[in-house]
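Worksheet: the structure to be examined is printed underneath.
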Amino acid sequence: MGRKENVPNRQYTLEFKVEAVRLAESIGGNQAAKRLGIPDSSIWNWIRLSRAGKLKAADPSAVPIRRAPTELEAENARLRRELADAKLDVEVLKKCMVRPPLASVRSKMR
């Protein structure tokens with residue numbers, strides 16, 4: 001018989017479990033497990049516990065806070081600027097890493 005790989009027991013936070021159940025309810029348990037990289041059985045157990053009312057966020061602050069649209073728009077604009085800066089950095093680095101033409105490399109190999 002095949003031998004099972006020795007996989008360490010993972011421990012997940014309550015917040016992770018609650019969010020995983022929320023994701024599973026929106027896209028399905030198997031897809032959520034695949035996306036999160038966790039065993040199907042874990043997510044189905046958490047869904048079962050959630051439906052029984054035994055899996056709840058212990059702290060109300062763990063629930064996402066609703067923010068004003070202007071605040072979200074400002075954060076979105078900041079993130080877009082940051083992304084544009086990162087893209088510019090990548091372009092500069094690409095231009096700095098110029099390779100010699102292939103013909104000159106071949107002539108040196110002869």
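Letters A, B, ... mark the chains of the structure tokens in the order given; residue numbers begin at 1 per chain; ligand numbers begin at 1, in order shown.
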Contacts of stretch 25-42 of chain A at 12 Å (only C-alpha atoms; same-chain gap of 2+ positions) as a PDB file with N, CA and C atoms, in the first residue's frame:
ATOM      1  N   VAL A   7       2.326  14.800   7.020  1.00  0.00           N
ATOM      2  CA  VAL A   7       1.921  16.202   6.962  1.00  0.00           C
ATOM      3  C   VAL A   7       1.650  16.675   8.384  1.00  0.00           C
ATOM      4  N   ASN A   9       0.080  18.623  11.507  1.00  0.00           N
ATOM      5  CA  ASN A   9      -1.254  19.158  11.777  1.00  0.00           C
ATOM      6  C   ASN A   9      -1.194  20.670  11.742  1.00  0.00           C
ATOM      7  N   ARG A  10      -2.065  21.246  10.968  1.00  0.00           N
ATOM      8  CA  ARG A  10      -2.118  22.697  10.873  1.00  0.00           C
ATOM      9  C   ARG A  10      -3.187  23.211  11.816  1.00  0.00           C
ATOM     10  N   GLN A  11      -2.929  24.355  12.378  1.00  0.00           N
ATOM     11  CA  GLN A  11      -3.924  24.992  13.231  1.00  0.00           C
ATOM     12  C   GLN A  11      -4.287  26.323  12.601  1.00  0.00           C
ATOM     13  N   TYR A  12      -5.570  26.532  12.427  1.00  0.00           N
ATOM     14  CA  TYR A  12      -6.069  27.734  11.774  1.00  0.00           C
ATOM     15  C   TYR A  12      -6.739  28.624  12.812  1.00  0.00           C
ATOM     16  N   PHE A  16      -9.755  32.890  10.299  1.00  0.00           N
ATOM     17  CA  PHE A  16      -9.522  32.212   9.034  1.00  0.00           C
ATOM     18  C   PHE A  16     -10.662  31.247   8.733  1.00  0.00           C
ATOM     19  N   LYS A  17     -11.092  30.497   9.744  1.00  0.00           N
ATOM     20  CA  LYS A  17     -12.168  29.526   9.553  1.00  0.00           C
ATOM     21  C   LYS A  17     -13.465  30.217   9.143  1.00  0.00           C
ATOM     22  N   VAL A  18     -13.777  31.319   9.827  1.00  0.00           N
ATOM     23  CA  VAL A  18     -15.010  32.052   9.524  1.00  0.00           C
ATOM     24  C   VAL A  18     -14.965  32.590   8.099  1.00  0.00           C
ATOM     25  N   GLU A  19     -13.826  33.153   7.713  1.00  0.00           N
ATOM     26  CA  GLU A  19     -13.692  33.682   6.348  1.00  0.00           C
ATOM     27  C   GLU A  19     -13.719  32.561   5.313  1.00  0.00           C
ATOM     28  N   ALA A  20     -13.138  31.412   5.644  1.00  0.00           N
ATOM     29  CA  ALA A  20     -13.152  30.272   4.726  1.00  0.00           C
ATOM     30  C   ALA A  20     -14.584  29.786   4.503  1.00  0.00           C
ATOM     31  N   VAL A  21     -15.373  29.746   5.570  1.00  0.00           N
ATOM     32  CA  VAL A  21     -16.775  29.341   5.449  1.00  0.00           C
ATOM     33  C   VAL A  21     -17.537  30.348   4.593  1.00  0.00           C
ATOM     34  N   ARG A  22     -17.259  31.626   4.806  1.00  0.00           N
ATOM     35  CA  ARG A  22     -17.915  32.668   4.015  1.00  0.00           C
ATOM     36  C   ARG A  22     -17.577  32.509   2.525  1.00  0.00           C
ATOM     37  N   LEU A  23     -16.313  32.211   2.239  1.00  0.00           N
ATOM     38  CA  LEU A  23     -15.895  31.985   0.857  1.00  0.00           C
ATOM     39  C   LEU A  23     -16.563  30.741   0.293  1.00  0.00           C
ATOM     40  N   TRP A  44     -15.371  21.454   5.079  1.00  0.00           N
ATOM     41  CA  TRP A  44     -16.716  20.916   5.287  1.00  0.00           C
ATOM     42  C   TRP A  44     -17.025  20.804   6.781  1.00  0.00           C
ATOM     43  N   ASN A  45     -16.023  20.476   7.588  1.00  0.00           N
ATOM     44  CA  ASN A  45     -16.236  20.447   9.042  1.00  0.00           C
ATOM     45  C   ASN A  45     -16.573  21.845   9.563  1.00  0.00           C
ATOM     46  N   TRP A  46     -15.870  22.853   9.054  1.00  0.00           N
ATOM     47  CA  TRP A  46     -16.132  24.220   9.498  1.00  0.00           C
ATOM     48  C   TRP A  46     -17.512  24.678   9.067  1.00  0.00           C
ATOM     49  N   ILE A  47     -17.939  24.280   7.865  1.00  0.00           N
ATOM     50  CA  ILE A  47     -19.282  24.643   7.391  1.00  0.00           C
ATOM     51  C   ILE A  47     -20.327  24.010   8.301  1.00  0.00           C
ATOM     52  N   ARG A  48     -20.112  22.737   8.652  1.00  0.00           N
ATOM     53  CA  ARG A  48     -21.038  22.036   9.538  1.00  0.00           C
ATOM     54  C   ARG A  48     -21.112  22.728  10.903  1.00  0.00           C
ATOM     55  N   LEU A  49     -19.949  23.105  11.444  1.00  0.00           N
ATOM     56  CA  LEU A  49     -19.920  23.807  12.732  1.00  0.00           C
ATOM     57  C   LEU A  49     -20.612  25.169  12.642  1.00  0.00           C
ATOM     58  N   SER A  50     -20.409  25.845  11.522  1.00  0.00           N
ATOM     59  CA  SER A  50     -21.023  27.161  11.339  1.00  0.00           C
ATOM     60  C   SER A  50     -22.540  27.050  11.300  1.00  0.00           C
ATOM     61  N   ARG A  51     -23.031  26.040  10.582  1.00  0.00           N
ATOM     62  CA  ARG A  51     -24.486  25.854  10.496  1.00  0.00           C
ATOM     63  C   ARG A  51     -25.087  25.474  11.846  1.00  0.00           C
TER      64      ARG A  51
END
Quiz prompt | Atom pair atom CA of A:Ala86 / atom CA of A:Pro69: separation (Å) | solution =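 Going from atom CA of A:Ala86 over to atom CA of A:Pro69, I get 25.4 Å.
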Practice problem: Work out how far atom CA of A:Arg67 is from atom CA of A:Leu83, in Å to one decimal. | Solution: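 Calculated distance between atom CA of A:Leu83 and atom CA of A:Arg67 is 22.2 Å.
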Exercise. Between A:Arg78, A:Ala84, A:Met97, A:Glu15, single out the one closest to A:Leu55, counting only C-alpha atoms.
Key: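 Closest to A:Leu55 of all the choices is A:Glu15.
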Quiz prompt | Straight-line distance linking atom CA of A:Lys56 with atom CA of A:Thr13, stated in Å to one decimal | solution =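 The value is 11.6 Å.
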DSSP on the backbone, then: every residue of stretch 16-83 of chain A marked alpha helix (DSSP H), written as a PDB file with C-alpha atoms, in the first residue's frame.
ATOM      1  CA  PHE A  16      -9.522  32.212   9.034  1.00  0.00           C
ATOM      2  CA  LYS A  17     -12.168  29.526   9.553  1.00  0.00           C
ATOM      3  CA  VAL A  18     -15.010  32.052   9.524  1.00  0.00           C
ATOM      4  CA  GLU A  19     -13.692  33.682   6.348  1.00  0.00           C
ATOM      5  CA  ALA A  20     -13.152  30.272   4.726  1.00  0.00           C
ATOM      6  CA  VAL A  21     -16.775  29.341   5.449  1.00  0.00           C
ATOM      7  CA  ARG A  22     -17.915  32.668   4.015  1.00  0.00           C
ATOM      8  CA  LEU A  23     -15.895  31.985   0.857  1.00  0.00           C
ATOM      9  CA  ALA A  24     -17.229  28.422   0.649  1.00  0.00           C
ATOM     10  CA  GLU A  25     -20.785  29.684   0.833  1.00  0.00           C
ATOM     11  CA  SER A  26     -20.157  32.006  -2.090  1.00  0.00           C
ATOM     12  CA  ILE A  27     -18.141  29.781  -4.460  1.00  0.00           C
ATOM     13  CA  GLY A  29     -16.747  24.181  -0.562  1.00  0.00           C
ATOM     14  CA  ASN A  30     -14.469  22.290  -2.941  1.00  0.00           C
ATOM     15  CA  GLN A  31     -13.457  25.428  -4.853  1.00  0.00           C
ATOM     16  CA  ALA A  32     -12.808  27.312  -1.624  1.00  0.00           C
ATOM     17  CA  ALA A  33     -10.646  24.492  -0.267  1.00  0.00           C
ATOM     18  CA  LYS A  34      -8.651  24.389  -3.495  1.00  0.00           C
ATOM     19  CA  ARG A  35      -8.217  28.174  -3.561  1.00  0.00           C
ATOM     20  CA  LEU A  36      -7.104  28.298   0.080  1.00  0.00           C
ATOM     21  CA  ASP A  40     -11.777  19.560   1.696  1.00  0.00           C
ATOM     22  CA  SER A  41     -12.644  17.789   4.933  1.00  0.00           C
ATOM     23  CA  SER A  42     -11.502  20.776   6.996  1.00  0.00           C
ATOM     24  CA  ILE A  43     -13.706  23.247   5.193  1.00  0.00           C
ATOM     25  CA  TRP A  44     -16.716  20.916   5.287  1.00  0.00           C
ATOM     26  CA  ASN A  45     -16.236  20.447   9.042  1.00  0.00           C
ATOM     27  CA  TRP A  46     -16.132  24.220   9.498  1.00  0.00           C
ATOM     28  CA  ILE A  47     -19.282  24.643   7.391  1.00  0.00           C
ATOM     29  CA  ARG A  48     -21.038  22.036   9.538  1.00  0.00           C
ATOM     30  CA  LEU A  49     -19.920  23.807  12.732  1.00  0.00           C
ATOM     31  CA  SER A  50     -21.023  27.161  11.339  1.00  0.00           C
ATOM     32  CA  ARG A  51     -24.486  25.854  10.496  1.00  0.00           C
ATOM     33  CA  PRO A  69     -16.915  55.389  -0.049  1.00  0.00           C
ATOM     34  CA  THR A  70     -14.638  58.448  -0.060  1.00  0.00           C
ATOM     35  CA  GLU A  71     -12.200  56.669   2.245  1.00  0.00           C
ATOM     36  CA  LEU A  72     -12.235  53.604  -0.009  1.00  0.00           C
ATOM     37  CA  GLU A  73     -11.741  55.776  -3.103  1.00  0.00           C
ATOM     38  CA  ALA A  74      -8.756  57.482  -1.475  1.00  0.00           C
ATOM     39  CA  GLU A  75      -7.198  54.130  -0.583  1.00  0.00           C
ATOM     40  CA  ASN A  76      -7.882  52.854  -4.101  1.00  0.00           C
ATOM     41  CA  ALA A  77      -6.153  55.900  -5.613  1.00  0.00           C
ATOM     42  CA  ARG A  78      -3.171  55.435  -3.301  1.00  0.00           C
ATOM     43  CA  LEU A  79      -2.879  51.773  -4.261  1.00  0.00           C
ATOM     44  CA  ARG A  80      -3.097  52.633  -7.965  1.00  0.00           C
ATOM     45  CA  ARG A  81      -0.248  55.139  -7.576  1.00  0.00           C
ATOM     46  CA  GLU A  82       1.793  52.565  -5.690  1.00  0.00           C
ATOM     47  CA  LEU A  83       1.168  49.990  -8.426  1.00  0.00           C
TER      48      LEU A  83
END
